[in-house]
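Containing TSV, C-alpha atoms and all ligand atoms: start-v1.tsv.
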chain	number	residue	atom	x	y	z
A	1	MET	CA	19.86	7.04	12.96
A	2	THR	CA	17.17	9.55	13.83
A	3	SER	CA	13.58	8.84	13.03
A	4	HIS	CA	11.13	10.93	11.07
A	5	ARG	CA	7.72	11.77	12.36
A	6	LEU	CA	4.76	13.19	10.54
A	7	THR	CA	1.19	13.77	11.57
A	8	VAL	CA	-1.94	12.74	9.74
A	9	SER	CA	-4.24	15.57	10.82
A	10	LEU	CA	-7.77	14.26	11.07
A	11	GLU	CA	-9.12	16.10	14.14
A	12	SER	CA	-9.87	13.57	16.89
A	13	ARG	CA	-8.62	10.76	14.61
A	14	SER	CA	-5.18	12.34	14.07
A	15	TYR	CA	-2.12	10.14	14.44
A	16	SER	CA	1.63	10.04	13.96
A	17	ILE	CA	3.62	8.08	11.43
A	18	TYR	CA	7.14	7.24	12.61
A	19	ILE	CA	9.74	6.18	10.08
A	20	GLY	CA	13.26	4.99	10.90
A	21	SER	CA	15.56	2.17	11.81
A	22	GLY	CA	15.35	0.29	15.12
A	23	LEU	CA	11.95	1.73	16.03
A	24	THR	CA	10.67	-1.60	17.33
A	25	LYS	CA	13.86	-2.66	19.09
A	26	VAL	CA	14.04	-2.12	22.83
A	27	GLY	CA	16.17	0.94	23.54
A	28	ALA	CA	17.44	1.36	19.97
A	29	ASN	CA	15.46	4.34	18.70
A	30	PRO	CA	12.78	5.21	21.25
A	31	ILE	CA	9.57	6.90	20.15
A	32	ALA	CA	6.60	8.11	22.14
A	33	LEU	CA	3.68	5.75	21.65
A	34	PRO	CA	0.27	7.41	21.92
A	35	GLN	CA	-1.78	6.88	25.05
A	36	LEU	CA	-3.78	3.73	24.28
A	37	ARG	CA	-7.09	3.03	26.01
A	38	GLY	CA	-5.70	-0.02	27.83
A	39	LYS	CA	-2.54	-2.00	28.45
A	40	LYS	CA	-3.52	-5.31	26.89
A	41	GLY	CA	-3.63	-6.32	23.25
A	42	VAL	CA	-2.91	-8.82	20.51
A	43	VAL	CA	-0.23	-8.83	17.83
A	44	ILE	CA	-1.67	-10.18	14.58
A	45	THR	CA	0.93	-11.48	12.14
A	46	ASN	CA	1.49	-14.36	9.74
A	47	THR	CA	3.54	-17.55	9.64
A	48	THR	CA	6.35	-15.92	7.61
A	49	ILE	CA	6.78	-12.81	9.73
A	50	ALA	CA	6.24	-14.38	13.17
A	51	PRO	CA	9.62	-16.20	13.31
A	52	LEU	CA	11.39	-13.04	12.12
A	53	TYR	CA	9.91	-10.25	14.21
A	54	LEU	CA	7.17	-11.34	16.62
A	55	GLU	CA	9.40	-11.83	19.66
A	56	ARG	CA	11.17	-8.52	19.08
A	57	VAL	CA	7.85	-6.67	18.77
A	58	GLN	CA	6.32	-8.28	21.85
A	59	GLU	CA	9.45	-7.43	23.88
A	60	TRP	CA	9.31	-3.86	22.61
A	61	LEU	CA	5.62	-3.58	23.56
A	62	ALA	CA	6.35	-5.06	26.98
A	63	ALA	CA	9.16	-2.53	27.55
A	64	ALA	CA	6.61	0.21	26.81
A	65	GLY	CA	4.26	-1.32	29.40
A	66	TYR	CA	1.93	-3.23	27.08
A	67	GLU	CA	1.04	-6.88	27.48
A	68	SER	CA	0.34	-8.74	24.24
A	69	SER	CA	-0.54	-12.19	22.98
A	70	PRO	CA	0.13	-13.33	19.41
A	71	ILE	CA	-2.34	-14.38	16.73
A	72	ILE	CA	-0.63	-16.03	13.77
A	73	ILE	CA	-2.50	-16.50	10.51
A	74	PRO	CA	-1.44	-18.28	7.31
A	75	ASP	CA	0.48	-16.24	4.73
A	76	GLY	CA	-1.21	-15.22	1.50
A	77	GLU	CA	-3.78	-12.98	-0.18
A	78	GLU	CA	-6.11	-16.00	-0.39
A	79	TYR	CA	-6.45	-15.86	3.41
A	80	LYS	CA	-7.75	-12.28	3.40
A	81	ASN	CA	-11.27	-13.61	3.85
A	82	HIS	CA	-14.16	-13.97	6.28
A	83	GLU	CA	-13.03	-17.36	7.53
A	84	ILE	CA	-9.76	-15.93	8.85
A	85	LEU	CA	-11.60	-12.87	10.11
A	86	GLN	CA	-13.88	-15.12	12.21
A	87	ARG	CA	-10.77	-16.79	13.59
A	88	LEU	CA	-9.35	-13.39	14.51
A	89	TYR	CA	-12.54	-12.39	16.35
A	90	ARG	CA	-12.53	-15.70	18.22
A	91	GLU	CA	-8.87	-15.44	19.25
A	92	ILE	CA	-9.22	-11.78	20.21
A	93	PHE	CA	-12.21	-12.76	22.37
A	94	GLU	CA	-10.37	-15.73	23.91
A	95	SER	CA	-7.40	-13.55	24.78
A	96	GLY	CA	-9.77	-11.59	27.00
A	97	LEU	CA	-9.62	-8.25	25.21
A	98	GLN	CA	-12.22	-5.72	26.24
A	99	ARG	CA	-13.20	-2.48	24.59
A	100	ASN	CA	-9.95	-0.95	25.87
A	101	GLY	CA	-7.77	-3.60	24.21
A	102	PHE	CA	-5.59	-3.00	21.17
A	103	VAL	CA	-4.67	-4.77	17.96
A	104	CYS	CA	-1.16	-4.48	16.59
A	105	ALA	CA	-0.90	-5.39	12.89
A	106	LEU	CA	2.59	-6.75	12.16
A	107	GLY	CA	2.91	-7.48	8.46
A	108	GLY	CA	2.32	-6.40	4.90
A	109	GLY	CA	-0.90	-5.15	3.39
A	110	VAL	CA	-2.73	-8.45	3.84
A	111	VAL	CA	-2.18	-8.60	7.60
A	112	GLY	CA	-2.75	-4.84	7.84
A	113	ASP	CA	-6.10	-4.99	6.02
A	114	LEU	CA	-7.37	-8.00	7.98
A	115	ALA	CA	-6.17	-6.83	11.38
A	116	GLY	CA	-7.40	-3.30	10.63
A	117	TYR	CA	-10.88	-4.60	9.80
A	118	ALA	CA	-10.93	-6.77	12.92
A	119	ALA	CA	-9.88	-3.80	15.08
A	120	ALA	CA	-12.44	-1.53	13.42
A	121	THR	CA	-15.33	-3.90	14.05
A	122	TYR	CA	-14.52	-5.83	17.24
A	123	MET	CA	-16.69	-4.28	19.97
A	124	ARG	CA	-17.36	-1.45	17.48
A	125	GLY	CA	-13.73	-0.47	17.35
A	126	ILE	CA	-10.63	-0.95	19.47
A	127	ASP	CA	-7.22	0.73	19.24
A	128	LEU	CA	-5.09	-0.19	16.24
A	129	ILE	CA	-1.32	0.04	15.81
A	130	GLN	CA	0.05	-0.49	12.32
A	131	LEU	CA	3.55	-1.98	12.11
A	132	PRO	CA	3.99	-2.38	8.34
A	133	THR	CA	6.74	-4.77	7.22
A	134	THR	CA	6.69	-4.43	3.40
A	135	ILE	CA	7.65	-1.40	1.31
A	136	LEU	CA	4.11	-1.39	-0.10
A	137	ALA	CA	2.58	-1.36	3.38
A	138	GLN	CA	4.99	1.29	4.70
A	139	VAL	CA	4.44	3.69	1.82
A	140	ASP	CA	0.78	2.96	1.23
A	141	SER	CA	-1.55	0.45	2.84
A	142	ALA	CA	-0.80	1.13	6.53
A	143	ILE	CA	-1.66	4.82	6.05
A	144	GLY	CA	-5.16	6.17	5.61
A	145	GLY	CA	-7.32	3.71	7.50
A	146	LYS	CA	-8.69	1.60	4.66
A	147	ASN	CA	-9.03	-2.06	5.55
A	148	GLY	CA	-11.05	-5.06	4.51
A	149	VAL	CA	-11.36	-8.57	3.22
A	150	ASN	CA	-11.92	-10.14	-0.18
A	151	LEU	CA	-15.14	-11.86	-1.21
A	152	GLU	CA	-15.16	-14.85	-3.55
A	153	PHE	CA	-16.39	-12.57	-6.37
A	154	GLY	CA	-14.03	-9.67	-5.86
A	155	LYS	CA	-11.11	-8.15	-3.96
A	156	ASN	CA	-11.53	-5.67	-1.11
A	157	LEU	CA	-15.32	-5.57	-1.48
A	158	VAL	CA	-15.96	-5.42	2.27
A	159	GLY	CA	-14.19	-3.03	4.59
A	160	THR	CA	-14.24	0.23	6.50
A	161	THR	CA	-12.19	3.37	6.88
A	162	TYR	CA	-10.83	3.24	10.42
A	163	GLN	CA	-7.71	5.17	11.33
A	164	PRO	CA	-4.90	3.57	13.37
A	165	ARG	CA	-3.65	5.28	16.54
A	166	VAL	CA	-0.10	5.21	15.20
A	167	VAL	CA	1.87	3.85	12.23
A	168	ILE	CA	5.44	2.75	12.88
A	169	SER	CA	7.46	2.04	9.75
A	170	ASP	CA	10.58	0.33	11.02
A	171	ILE	CA	12.99	0.28	8.09
A	172	ASP	CA	14.81	-2.75	9.63
A	173	PHE	CA	11.92	-4.98	8.53
A	174	ILE	CA	12.74	-4.41	4.86
A	175	ALA	CA	16.03	-6.35	5.11
A	176	THR	CA	14.23	-9.71	4.95
A	177	LEU	CA	11.69	-8.78	2.29
A	178	PRO	CA	11.89	-11.04	-0.80
A	179	GLU	CA	13.22	-9.17	-3.84
A	180	ARG	CA	10.02	-9.47	-5.85
A	181	GLU	CA	8.06	-7.87	-2.98
A	182	SER	CA	10.54	-4.96	-2.91
A	183	PHE	CA	9.96	-4.35	-6.61
A	184	CYS	CA	6.20	-4.44	-6.03
A	185	GLY	CA	6.70	-1.71	-3.45
A	186	PHE	CA	8.71	0.32	-5.95
A	187	GLY	CA	5.72	0.23	-8.31
A	188	GLU	CA	3.79	2.25	-5.71
A	189	VAL	CA	6.79	4.46	-4.96
A	190	VAL	CA	7.13	5.45	-8.63
A	191	LYS	CA	3.38	6.10	-8.69
A	192	TYR	CA	3.83	8.62	-5.86
A	193	ALA	CA	6.71	10.24	-7.74
A	194	LEU	CA	4.52	10.70	-10.83
A	195	LEU	CA	1.79	12.19	-8.64
A	196	ALA	CA	4.17	14.51	-6.80
A	197	GLY	CA	6.46	15.67	-9.62
A	198	ASP	CA	10.00	16.92	-10.00
A	199	ASP	CA	11.44	16.93	-6.45
A	200	PHE	CA	10.57	13.36	-5.59
A	201	ILE	CA	11.35	12.09	-9.10
A	202	SER	CA	14.83	13.69	-8.82
A	203	PHE	CA	15.30	12.12	-5.39
A	204	LEU	CA	14.51	8.66	-6.77
A	205	GLU	CA	16.77	9.22	-9.78
A	206	MET	CA	19.72	10.37	-7.67
A	207	ASN	CA	19.35	7.95	-4.79
A	208	HIS	CA	18.64	4.84	-6.82
A	209	PRO	CA	21.93	3.05	-5.92
A	210	GLU	CA	21.47	3.67	-2.17
A	211	ILE	CA	17.82	2.62	-2.26
A	212	MET	CA	18.75	-0.61	-4.06
A	213	LYS	CA	21.42	-1.27	-1.42
A	214	GLN	CA	18.73	-0.68	1.23
A	215	ASP	CA	20.70	2.14	2.81
A	216	PRO	CA	18.49	2.91	5.85
A	217	ARG	CA	18.67	6.70	5.47
A	218	SER	CA	17.66	6.61	1.82
A	219	LEU	CA	14.88	4.07	2.44
A	220	ALA	CA	13.60	6.19	5.31
A	221	SER	CA	13.64	9.38	3.18
A	222	MET	CA	11.84	7.57	0.39
A	223	THR	CA	9.22	6.23	2.80
A	224	LEU	CA	8.82	9.66	4.40
A	225	SER	CA	8.13	11.32	1.03
A	226	CYS	CA	5.59	8.68	0.05
A	227	SER	CA	3.91	8.81	3.46
A	228	ARG	CA	3.64	12.60	3.23
A	229	ILE	CA	2.03	12.40	-0.19
A	230	LYS	CA	-0.42	9.71	0.89
A	231	ALA	CA	-1.23	11.48	4.16
A	232	ASP	CA	-1.92	14.70	2.29
A	233	TYR	CA	-4.51	13.02	0.04
A	234	VAL	CA	-6.05	11.21	3.01
A	235	VAL	CA	-6.41	14.41	5.02
A	236	ARG	CA	-8.14	16.12	2.11
A	237	ASP	CA	-10.54	13.25	1.43
A	238	GLU	CA	-10.53	10.80	4.34
A	239	TYR	CA	-13.54	8.79	3.17
A	240	ASP	CA	-12.73	8.88	-0.54
A	241	LEU	CA	-15.88	10.85	-1.33
A	242	LEU	CA	-14.56	13.98	-3.07
A	243	GLY	CA	-12.53	12.49	-5.90
A	244	VAL	CA	-9.32	13.82	-4.30
A	245	ARG	CA	-8.07	10.53	-2.85
A	246	ALA	CA	-9.03	8.89	-6.14
A	247	VAL	CA	-5.84	10.13	-7.83
A	248	LEU	CA	-3.94	7.61	-5.69
A	249	ASN	CA	-5.38	5.11	-8.16
A	250	LEU	CA	-2.99	6.25	-10.89
A	251	GLY	CA	-2.05	3.04	-12.74
A	252	HIS	CA	-4.51	1.00	-10.67
A	253	THR	CA	-7.57	0.80	-12.93
A	254	ILE	CA	-5.57	-1.01	-15.59
A	255	GLY	CA	-3.46	-2.73	-12.90
A	256	HIS	CA	-6.53	-4.21	-11.19
A	257	ALA	CA	-7.94	-5.36	-14.53
A	258	LEU	CA	-4.64	-7.08	-15.40
A	259	GLU	CA	-4.46	-8.79	-12.02
A	260	LYS	CA	-8.00	-10.02	-12.38
A	261	MET	CA	-7.51	-11.16	-15.98
A	262	TYR	CA	-4.64	-13.38	-14.88
A	263	ALA	CA	-6.59	-14.60	-11.84
A	264	TYR	CA	-4.08	-13.00	-9.43
A	265	GLN	CA	-1.51	-15.66	-10.39
A	266	GLN	CA	0.87	-14.26	-12.99
A	267	LEU	CA	1.28	-10.62	-12.01
A	268	ALA	CA	1.85	-9.29	-8.51
A	269	HIS	CA	-0.08	-6.14	-7.58
A	270	GLY	CA	2.91	-3.78	-7.86
A	271	GLU	CA	3.90	-5.26	-11.21
A	272	ALA	CA	0.38	-4.82	-12.58
A	273	VAL	CA	0.37	-1.22	-11.28
A	274	ALA	CA	3.69	-0.49	-13.04
A	275	ILE	CA	2.24	-1.69	-16.36
A	276	GLY	CA	-0.88	0.36	-15.62
A	277	LEU	CA	1.34	3.41	-15.10
A	278	VAL	CA	2.95	2.97	-18.52
A	279	CYS	CA	-0.51	2.74	-20.16
A	280	ALA	CA	-1.77	5.82	-18.28
A	281	LEU	CA	1.38	7.72	-19.30
A	282	LEU	CA	1.07	6.74	-22.95
A	283	LEU	CA	-2.62	7.64	-23.01
A	284	SER	CA	-1.78	11.00	-21.44
A	285	VAL	CA	0.75	11.67	-24.23
A	286	THR	CA	-1.64	10.51	-26.94
A	287	MET	CA	-4.29	12.92	-25.60
A	288	ASN	CA	-1.71	15.76	-25.72
A	289	LEU	CA	-1.81	16.18	-21.96
A	290	LEU	CA	1.73	15.09	-21.14
A	291	THR	CA	4.85	16.20	-23.00
A	292	GLU	CA	7.15	13.72	-24.71
A	293	SER	CA	10.01	14.68	-22.36
A	294	GLY	CA	7.85	14.12	-19.28
A	295	PHE	CA	6.81	10.76	-20.69
A	296	GLN	CA	10.43	9.74	-21.34
A	297	ARG	CA	11.51	10.75	-17.85
A	298	ALA	CA	8.73	8.68	-16.30
A	299	LEU	CA	9.60	5.64	-18.44
A	300	GLN	CA	13.27	5.90	-17.44
A	301	LEU	CA	12.29	5.96	-13.78
A	302	LEU	CA	10.18	2.82	-14.14
A	303	LYS	CA	13.07	1.15	-15.95
A	304	LEU	CA	15.59	2.27	-13.32
A	305	TYR	CA	13.52	0.60	-10.60
A	306	GLY	CA	13.35	-2.65	-12.55
A	307	LEU	CA	9.61	-2.59	-13.07
A	308	PRO	CA	7.76	-4.54	-15.76
A	309	MET	CA	6.41	-2.23	-18.42
A	310	LEU	CA	4.67	-4.34	-21.06
A	311	VAL	CA	1.07	-5.46	-21.25
A	312	PRO	CA	1.44	-9.27	-21.65
A	313	ALA	CA	1.37	-10.19	-25.35
A	314	ASP	CA	-1.49	-12.66	-24.84
A	315	ALA	CA	-3.72	-10.15	-23.01
A	316	ASN	CA	-7.16	-9.77	-24.57
A	317	VAL	CA	-7.54	-6.00	-24.70
A	318	ASP	CA	-11.33	-6.00	-25.04
A	319	GLU	CA	-11.62	-8.18	-21.96
A	320	LEU	CA	-9.25	-5.83	-20.14
A	321	ILE	CA	-11.43	-2.83	-21.00
A	322	ASP	CA	-14.49	-4.73	-19.88
A	323	LEU	CA	-12.82	-5.49	-16.54
A	324	MET	CA	-11.86	-1.81	-16.20
A	325	ARG	CA	-15.50	-0.80	-16.62
A	326	ARG	CA	-16.36	-3.11	-13.74
A	327	ASP	CA	-13.59	-1.88	-11.42
A	328	LYS	CA	-15.31	-0.76	-8.23
A	329	LYS	CA	-13.35	2.48	-8.26
A	330	ALA	CA	-13.85	3.29	-11.92
A	331	GLY	CA	-17.47	4.45	-11.87
A	332	ARG	CA	-19.96	3.85	-14.69
A	333	ASN	CA	-18.05	5.46	-17.52
A	334	LEU	CA	-14.60	4.40	-18.51
A	335	SER	CA	-12.57	6.59	-16.19
A	336	MET	CA	-8.91	6.69	-15.24
A	337	ILE	CA	-6.36	8.90	-13.56
A	338	LEU	CA	-4.25	10.65	-16.20
A	339	LEU	CA	-1.42	13.17	-16.02
A	340	ARG	CA	-1.51	16.69	-17.44
A	341	GLY	CA	2.17	16.77	-16.56
A	342	LEU	CA	4.45	15.05	-14.05
A	343	GLY	CA	2.98	15.97	-10.67
A	344	ASP	CA	-0.38	17.03	-12.17
A	345	PRO	CA	-2.84	14.12	-11.98
A	346	TYR	CA	-6.58	14.34	-12.60
A	347	LEU	CA	-9.54	12.01	-12.94
A	348	GLU	CA	-10.58	11.67	-16.60
A	349	GLU	CA	-14.15	10.41	-16.56
A	350	ASN	CA	-14.71	9.96	-20.25
A	351	ILE	CA	-11.99	7.85	-21.73
A	352	ASP	CA	-12.51	7.04	-25.38
A	353	ALA	CA	-12.67	3.23	-25.58
A	354	GLY	CA	-11.09	3.17	-29.07
A	355	LEU	CA	-8.13	5.25	-27.98
A	356	LEU	CA	-7.69	3.12	-24.88
A	357	ARG	CA	-7.79	-0.06	-26.96
A	358	GLU	CA	-5.09	1.34	-29.27
A	359	THR	CA	-2.96	2.38	-26.28
A	360	LEU	CA	-3.21	-1.01	-24.60
A	361	GLU	CA	-2.22	-2.74	-27.84
A	362	LYS	CA	0.76	-0.39	-28.21
A	363	CYS	CA	1.84	-1.22	-24.67
A	364	LYS	CA	2.38	-4.85	-25.67
A	365	GLN	CA	5.56	-3.65	-27.44
A	366	PRO	CA	8.27	-1.57	-25.78
A	367	VAL	CA	7.05	2.06	-25.94
A	368	HIS	CA	9.56	4.76	-26.81
A	401	LIG	N1	-5.61	-0.62	2.82
A	401	LIG	C1	-5.06	-0.01	1.80
A	401	LIG	O1	-5.10	1.21	1.66
A	401	LIG	C2	-4.30	-0.83	0.79
A	401	LIG	C3	-3.52	-0.20	-0.18
A	401	LIG	C4	-2.79	-1.00	-1.06
A	401	LIG	C5	-2.83	-2.38	-0.96
A	401	LIG	N2	-3.61	-2.95	0.01
A	401	LIG	C6	-3.66	-4.41	0.15
A	401	LIG	O2	-2.35	-4.84	0.53
A	401	LIG	C7	-2.18	-6.20	0.14
A	401	LIG	C8	-0.81	-6.36	-0.46
A	401	LIG	O3	0.14	-6.01	0.51
A	401	LIG	P1	1.67	-6.43	0.41
A	401	LIG	O4	2.16	-6.10	-0.95
A	401	LIG	O5	2.36	-5.85	1.58
A	401	LIG	O6	1.62	-8.01	0.42
A	401	LIG	P2	1.62	-9.11	1.61
A	401	LIG	O7	1.04	-8.57	2.83
A	401	LIG	O8	1.01	-10.33	1.02
A	401	LIG	O9	3.17	-9.35	1.82
A	401	LIG	C9	3.93	-9.88	0.77
A	401	LIG	C10	4.74	-11.11	1.19
A	401	LIG	O10	5.89	-10.67	1.92
A	401	LIG	C11	5.94	-11.34	3.18
A	401	LIG	N3	6.56	-10.38	4.11
A	401	LIG	C12	6.01	-9.26	4.59
A	401	LIG	N4	6.91	-8.57	5.28
A	401	LIG	C13	8.05	-9.28	5.26
A	401	LIG	C14	9.35	-9.07	5.80
A	401	LIG	N5	9.66	-7.95	6.44
A	401	LIG	N6	10.29	-10.02	5.60
A	401	LIG	C15	9.98	-11.13	4.89
A	401	LIG	N7	8.79	-11.38	4.34
A	401	LIG	C16	7.84	-10.46	4.52
A	401	LIG	C17	4.52	-11.68	3.49
A	401	LIG	O11	4.44	-12.72	4.43
A	401	LIG	C18	4.01	-12.06	2.11
A	401	LIG	O12	4.39	-13.37	1.80
A	401	LIG	C19	-3.32	-6.52	-0.79
A	401	LIG	O13	-4.24	-7.32	-0.11
A	401	LIG	C20	-3.93	-5.17	-1.11
A	401	LIG	O14	-5.32	-5.26	-1.37
A	401	LIG	C21	-4.32	-2.22	0.87

As structure tokens:
Amino acid sequence: MTSHRLTVSLESRSYSIYIGSGLTKVGANPIALPQLRGKKGVVITNTTIAPLYLERVQEWLAAAGYESSPIIIPDGEEYKNHEILQRLYREIFESGLQRNGFVCALGGGVVGDLAGYAAATYMRGIDLIQLPTTILAQVDSAIGGKNGVNLEFGKNLVGTTYQPRVVISDIDFIATLPERESFCGFGEVVKYALLAGDDFISFLEMNHPEIMKQDPRSLASMTLSCSRIKADYVVRDEYDLLGVRAVLNLGHTIGHALEKMYAYQQLAHGEAVAIGLVCALLLSVTMNLLTESGFQRALQLLKLYGLPMLVPADANVDELIDLMRRDKKAGRNLSMILLRGLGDPYLEENIDAGLLRETLEKCKQPVH
């Protein structure tokens, strides 16, 4: 299978994203790694991924002329914190890395965010390779340079924007991903389709059976489309200052509030985002922005990809709205990304709280 390559054009911080099967297997599907500053680095991964892919990745790096030592952290969002970060700094230091060393992040968004932050800050920044292993990380978190750790009073409150030197999305990794994690990834994939419009929506509609069977070509095409969309927003607003990159938060303001309300236990991120998408869609229809047919098509797509669509019946809607007001990305007013049509997102900065309350209540029942 051939691989896809696209460039994230950010002047001196530009980099390639490679997508395909066998990209991290010696000799299988060779790609040109960028010229790194040095030949020595660390591979940061977790206890779940290490037994599956660490050896393969280290052999692949060695075949390309790079020496690496592993750093293995515990698995879980609860470890995306300063304690583990300190451990990373210590182990990077003990492995003898200098300013010309590199960090290779082998994992999902948690490993990617932690390793990315460590690479961005160790000796004021060393080379970073992102090797995302979840659908969510391949289509989203490994691209765009955002990284960070959680604080005890909030998620992702500390971090930087620091671009990797290369992102390599090896589709082979997806074969071992637990089913629930795949569906979480699809939440983000459908988000991209709603942002991008007809072409990508049609692709997801038509290729659904192949994507579910994890056909490598279809998964790679899906990942390529998402990566293109994300890269395009990143290039136009690298540091998230212009409100352009903000549209990537479609479904996320409500999603984050739901996650927080259930203390990150009941709903996974992608599931909360899918419910947030339904609410944003319904609000867009209620405000006469989105047509009924566009709304129906979007709902069918969410259904097709097996995503949860209902606000939990026991959710306290007023508390949800309160949490939305406090979302770090939401600003002072009640603001959300809405759709003027499929493929036409915008930031609505003055959401009527009453209308939102009504919409959230409606989303506790199946919406038609
Ligand atoms: N930096 C960004 O732009 C950005 C964007 C979105 C999300 N995020 C962050 O990403 C994180 C969520 O990422 P995620 O959904 O990838 O979760 P994750 O990193 O926790 O991975 C999910 C689970 O799947 C396991 N896993 C990963 N790859 C596997 C594989 N190939 N085979 C078997 N098991 C595998 C992991 O060990 C973990 O248990 C959150 O911390 C979120 O804040 C960051």

Within 9 Å of ligand LIG 401 (chain A), counting all atoms listed in the file, residues as a PyMOL selection string: chain A and resi 45-49+52-53+74-78+80+106-114+116+132-138+140-150+155-156+161+172-178+180-182+184-185+188+268-270

Produce a file of the selected residues containing C-alpha atoms, as a PDB file, in the coordinates of the input.
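Below is the file part-v4.pdb, written as the result:
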ATOM      1  CA  THR A  45       0.930 -11.480  12.140  1.00  0.00           C
ATOM      2  CA  ASN A  46       1.490 -14.360   9.740  1.00  0.00           C
ATOM      3  CA  THR A  47       3.540 -17.550   9.640  1.00  0.00           C
ATOM      4  CA  THR A  48       6.350 -15.920   7.610  1.00  0.00           C
ATOM      5  CA  ILE A  49       6.780 -12.810   9.730  1.00  0.00           C
ATOM      6  CA  LEU A  52      11.390 -13.040  12.120  1.00  0.00           C
ATOM      7  CA  TYR A  53       9.910 -10.250  14.210  1.00  0.00           C
ATOM      8  CA  PRO A  74      -1.440 -18.280   7.310  1.00  0.00           C
ATOM      9  CA  ASP A  75       0.480 -16.240   4.730  1.00  0.00           C
ATOM     10  CA  GLY A  76      -1.210 -15.220   1.500  1.00  0.00           C
ATOM     11  CA  GLU A  77      -3.780 -12.980  -0.180  1.00  0.00           C
ATOM     12  CA  GLU A  78      -6.110 -16.000  -0.390  1.00  0.00           C
ATOM     13  CA  LYS A  80      -7.750 -12.280   3.400  1.00  0.00           C
ATOM     14  CA  LEU A 106       2.590  -6.750  12.160  1.00  0.00           C
ATOM     15  CA  GLY A 107       2.910  -7.480   8.460  1.00  0.00           C
ATOM     16  CA  GLY A 108       2.320  -6.400   4.900  1.00  0.00           C
ATOM     17  CA  GLY A 109      -0.900  -5.150   3.390  1.00  0.00           C
ATOM     18  CA  VAL A 110      -2.730  -8.450   3.840  1.00  0.00           C
ATOM     19  CA  VAL A 111      -2.180  -8.600   7.600  1.00  0.00           C
ATOM     20  CA  GLY A 112      -2.750  -4.840   7.840  1.00  0.00           C
ATOM     21  CA  ASP A 113      -6.100  -4.990   6.020  1.00  0.00           C
ATOM     22  CA  LEU A 114      -7.370  -8.000   7.980  1.00  0.00           C
ATOM     23  CA  GLY A 116      -7.400  -3.300  10.630  1.00  0.00           C
ATOM     24  CA  PRO A 132       3.990  -2.380   8.340  1.00  0.00           C
ATOM     25  CA  THR A 133       6.740  -4.770   7.220  1.00  0.00           C
ATOM     26  CA  THR A 134       6.690  -4.430   3.400  1.00  0.00           C
ATOM     27  CA  ILE A 135       7.650  -1.400   1.310  1.00  0.00           C
ATOM     28  CA  LEU A 136       4.110  -1.390  -0.100  1.00  0.00           C
ATOM     29  CA  ALA A 137       2.580  -1.360   3.380  1.00  0.00           C
ATOM     30  CA  GLN A 138       4.990   1.290   4.700  1.00  0.00           C
ATOM     31  CA  ASP A 140       0.780   2.960   1.230  1.00  0.00           C
ATOM     32  CA  SER A 141      -1.550   0.450   2.840  1.00  0.00           C
ATOM     33  CA  ALA A 142      -0.800   1.130   6.530  1.00  0.00           C
ATOM     34  CA  ILE A 143      -1.660   4.820   6.050  1.00  0.00           C
ATOM     35  CA  GLY A 144      -5.160   6.170   5.610  1.00  0.00           C
ATOM     36  CA  GLY A 145      -7.320   3.710   7.500  1.00  0.00           C
ATOM     37  CA  LYS A 146      -8.690   1.600   4.660  1.00  0.00           C
ATOM     38  CA  ASN A 147      -9.030  -2.060   5.550  1.00  0.00           C
ATOM     39  CA  GLY A 148     -11.050  -5.060   4.510  1.00  0.00           C
ATOM     40  CA  VAL A 149     -11.360  -8.570   3.220  1.00  0.00           C
ATOM     41  CA  ASN A 150     -11.920 -10.140  -0.180  1.00  0.00           C
ATOM     42  CA  LYS A 155     -11.110  -8.150  -3.960  1.00  0.00           C
ATOM     43  CA  ASN A 156     -11.530  -5.670  -1.110  1.00  0.00           C
ATOM     44  CA  THR A 161     -12.190   3.370   6.880  1.00  0.00           C
ATOM     45  CA  ASP A 172      14.810  -2.750   9.630  1.00  0.00           C
ATOM     46  CA  PHE A 173      11.920  -4.980   8.530  1.00  0.00           C
ATOM     47  CA  ILE A 174      12.740  -4.410   4.860  1.00  0.00           C
ATOM     48  CA  ALA A 175      16.030  -6.350   5.110  1.00  0.00           C
ATOM     49  CA  THR A 176      14.230  -9.710   4.950  1.00  0.00           C
ATOM     50  CA  LEU A 177      11.690  -8.780   2.290  1.00  0.00           C
ATOM     51  CA  PRO A 178      11.890 -11.040  -0.800  1.00  0.00           C
ATOM     52  CA  ARG A 180      10.020  -9.470  -5.850  1.00  0.00           C
ATOM     53  CA  GLU A 181       8.060  -7.870  -2.980  1.00  0.00           C
ATOM     54  CA  SER A 182      10.540  -4.960  -2.910  1.00  0.00           C
ATOM     55  CA  CYS A 184       6.200  -4.440  -6.030  1.00  0.00           C
ATOM     56  CA  GLY A 185       6.700  -1.710  -3.450  1.00  0.00           C
ATOM     57  CA  GLU A 188       3.790   2.250  -5.710  1.00  0.00           C
ATOM     58  CA  ALA A 268       1.850  -9.290  -8.510  1.00  0.00           C
ATOM     59  CA  HIS A 269      -0.080  -6.140  -7.580  1.00  0.00           C
ATOM     60  CA  GLY A 270       2.910  -3.780  -7.860  1.00  0.00           C
TER      61      GLY A 270
END

Atom CA of Gly255 of chain A to atom CA of Ala272 of chain A: how many Å, to one decimal?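 Pair atom CA of Gly255 of chain A / atom CA of Ala272 of chain A returns 4.4 Å.
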
Given the point (8.6, 13.6, -4.5) in the file's coordinates, find the residues that have an atom at most 10 Å from it, counting all atoms listed in the file, and give them as an MDAnalysis selection string. chainID A and resid 189:190 192:204 222 224:226 228:229 343

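Remark: for Tyr305 of chain A, the closest of the candidate residues A:Val158, A:Ala118, A:Val167, A:Ala274 is A:Ala274 (distances computed over all atoms listed in the file).
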